[in-house]
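Student: Could you have a look at this structure, given as structure tokens, before my questions?
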Amino acid sequence: MIYLLYGSDFNKAREKLREILSSQLKKNKDASYFKITPDNYLEYNLEELIGGAGLFQNKFVVVLDGLVSSDESKEKVLGLLPDFQGSQNIFVIIEESLKKEEIKKISKFAIKTQEFSDDKSKKIKKDDFNVFTLTDALGARDKKRLWVNYQRAIIGGNVPERLHGLFFWQIKAMLSARNSKSAADAGLNPFVYKKSIGFSKNFTKEELNELSSELVRIYHDSRRGKTEFDIALERFILNI
């Protein structure tokens, strides 16, 4: 099964990608999620991902992000379109721009094709993006805004490890504020304390503790080679 998302409107394309991922991972709670980009393309065997899941195995949800735009992977991806289409797994192809013949070819095999165009769209620069919009979205428990801003931050040059640290800090701030009677008692400045108190109402204490523990697991599992840091962090966001 193939979904094709393309176009210059970064926000809308990534919002739609989040919707598809959230829906598929909700339907298939034990599904394995893979995100393949030109940077990690050589680490994966696409043929294995096509037929890797079976009747008694978990499904795969695979995002092919920018592979058609890469000379190294384009021919391979286009050649496997019939196999992607016939697979029980889900393949989402997302591109900022495609040639007409590429759109036509992929659309023949895709269950759904959507274009997200914005003539005014611009490349996002690291200095133009305020990463603290991420902590606000996390505190507000706004999964859609959190995921889109996470993608913006990554495109803008921020590494997942830095964003992981921001998430951990915000969750700890909410826990400290929730368990304290004043900013001084929580060890937070008054502004952060006030925001964290408000944010903490969007979660139970148990949920905050579990989120904190999950971030710790992500850190250690990635260091042990059990998972890829960026993929684990995206899945964390989608499960908020």
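By convention here, the chains of the structure tokens are called A, B, ... in the order presented, each chain's residues are numbered starting at 1, and ligands are numbered starting at 1 in the order presented.
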Report as a VMD selection string all protein, DNA and RNA residues lying within 9 Å of Leu188 in chain A, evaluated on only C-alpha atoms, omitting residues in the same chain fewer than 5 positions from it.
Tutor: chain A and resid 173 176 to 177 182 to 183 193
Student: Just C-alpha atoms for this one: save the residues we selected as a PDB file, in the first residue's frame.
Tutor:
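And here is the file that came out, result_18.pdb:
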```
ATOM      1  CA  ALA A 173       9.236  20.881  35.125  1.00  0.00           C
ATOM      2  CA  SER A 176       8.167  19.503  39.896  1.00  0.00           C
ATOM      3  CA  ALA A 177       5.482  22.172  39.615  1.00  0.00           C
ATOM      4  CA  SER A 182       5.709  27.527  45.012  1.00  0.00           C
ATOM      5  CA  ALA A 183       8.237  28.314  42.297  1.00  0.00           C
ATOM      6  CA  TYR A 193       6.475  27.466  37.259  1.00  0.00           C
TER       7      TYR A 193
END
```
Student: Tell me, counting only C-alpha atoms, for each residue of range 67-148 of chain A within 7 Å of range 32-50 of chain A, which pair of atoms is nearest and how far apart they are in Å to one decimal, in rows ordered by chain and increasing number, as CSV.
Tutor:
```
residue,atom,partner,partner_atom,distance
A:Leu67,CA,A:Pro38,CA,5.8
A:Ser70,CA,A:Pro38,CA,6.5
A:Asp83,CA,A:Ile50,CA,6.8
A:Phe84,CA,A:Ile50,CA,6.1
A:Ser87,CA,A:Ile50,CA,5.6
A:Asn89,CA,A:Ile50,CA,6.6
```
Student: Tell me, which residues of range 70-123 of chain A carry DSSP alpha helix (DSSP H), written as a PyMOL selection string?
Tutor: chain A and resi 74-79+81-86+100-107
Student: Can you list, as JSON, numbers by chain, every protein, DNA or RNA residue that comes within 10 Å of Lys201 in chain A when you count only C-alpha atoms, leaving out same-chain residues fewer than 6 positions away?
Tutor: {"A": [139, 140, 141, 174, 178]}
Student: Among the residues of range 99-188 of chain A, find those DSSP assigns to strand (DSSP E) from the backbone and print them as a list of chain:residue names.
Tutor: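 Secondary structure check on range 99-188 of chain A, strand (DSSP E): A:Lys112, A:Thr113, A:Gln114, A:Glu115.
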Student: Report the distance between CA of Glu214 in chain A and CA of Phe199 in chain A in Å, rounded to one decimal place.
Tutor: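 According to the coordinates, CA of Glu214 in chain A and CA of Phe199 in chain A are separated by 18.8 Å.
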Student: Find the residue from A:Phe109, A:Trp147, A:Phe91, A:Tyr219 that sits nearest to Asn11 in chain A; use only C-alpha atoms when measuring.
Tutor: A:Trp147
Student: For the atom pair CA of Lys112 in chain A and CA of Leu80 in chain A, what is the interatomic distance in Å to one decimal place?
Tutor: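 Spanning CA of Lys112 in chain A to CA of Leu80 in chain A is a straight-line distance of 17.1 Å.
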Student: Quick one: of A:Lys172, A:Lys59, A:Ile154, A:Ala110, who's nearest to Ala186 in chain A, counting only C-alpha atoms?
Tutor: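 Closest to Ala186 in chain A, using only C-alpha atoms: A:Lys172.
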Student: For CA of Lys16 in chain A and CA of Lys226 in chain A, determine how far apart the two atoms are, in Å to one decimal place.
Tutor: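 Straight-line distance from CA of Lys16 in chain A to CA of Lys226 in chain A works out to 28.6 Å.
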Student: Pick the closest to Ser196 in chain A from A:Gln170, A:Ser22, A:Ser69, A:Ser107: which is it, counting only C-alpha atoms?
Tutor: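 Checking each of A:Gln170, A:Ser22, A:Ser69, A:Ser107 against Ser196 in chain A, counting only C-alpha atoms, the winner is A:Gln170.
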Student: For Ile237 in chain A, which residue among A:Val68, A:Val148, A:Asp221, A:Ser73 is the nearest when counting only C-alpha atoms?
Tutor: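 Counting only C-alpha atoms, the residue closest to Ile237 in chain A is A:Val148.
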Student: Need to verify the contact set: Ser212 in chain A, 12 Å, only C-alpha atoms, exclusion of same-chain residues closer than 4 positions in sequence. Can you return it as a PyMOL selection string?
Tutor: chain A and resi 164-175+205-208+216-219+236+240
Student: Would you please work out which residue, of A:Leu238, A:Ile2, A:Ile90, A:Ile231, is nearest to Leu138 in chain A when using only C-alpha atoms?
Tutor: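 So, comparing all the options, the nearest one is A:Leu238.
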Student: Mind checking which residues fall within 9 Å of Phe116 in chain A, counting only C-alpha atoms, ignoring those fewer than 4 positions away in the same chain, and posting them as an MDAnalysis selection string?
Tutor: chainID A and resid 5:13 96
Student: Using N, CA and C atoms, can you export the residues from the last selection as a CSV table (one decimal), in the first residue's frame?
Tutor:
```csv
chain,number,residue,atom,x,y,z
A,5,LEU,N,2.7,11.9,-0.9
A,5,LEU,CA,2.5,13.2,-0.4
A,5,LEU,C,3.6,14.1,-1.0
A,6,TYR,N,3.3,15.2,-1.7
A,6,TYR,CA,4.4,16.0,-2.2
A,6,TYR,C,3.9,17.5,-2.3
A,7,GLY,N,4.9,18.4,-2.4
A,7,GLY,CA,4.5,19.8,-2.6
A,7,GLY,C,5.4,20.6,-1.7
A,8,SER,N,5.4,21.9,-2.0
A,8,SER,CA,6.3,22.9,-1.3
A,8,SER,C,5.7,23.4,0.0
A,9,ASP,N,4.4,23.1,0.3
A,9,ASP,CA,3.9,23.5,1.6
A,9,ASP,C,4.3,22.5,2.7
A,10,PHE,N,5.4,22.8,3.3
A,10,PHE,CA,6.0,21.9,4.3
A,10,PHE,C,5.0,21.6,5.4
A,11,ASN,N,4.4,22.6,6.0
A,11,ASN,CA,3.5,22.3,7.2
A,11,ASN,C,2.3,21.4,6.8
A,12,LYS,N,1.7,21.7,5.7
A,12,LYS,CA,0.5,20.9,5.4
A,12,LYS,C,0.9,19.4,5.0
A,13,ALA,N,2.0,19.3,4.3
A,13,ALA,CA,2.5,17.9,3.9
A,13,ALA,C,2.8,17.1,5.1
A,96,GLU,N,9.4,17.1,-1.4
A,96,GLU,CA,9.1,18.5,-1.5
A,96,GLU,C,8.8,18.8,-3.0
```
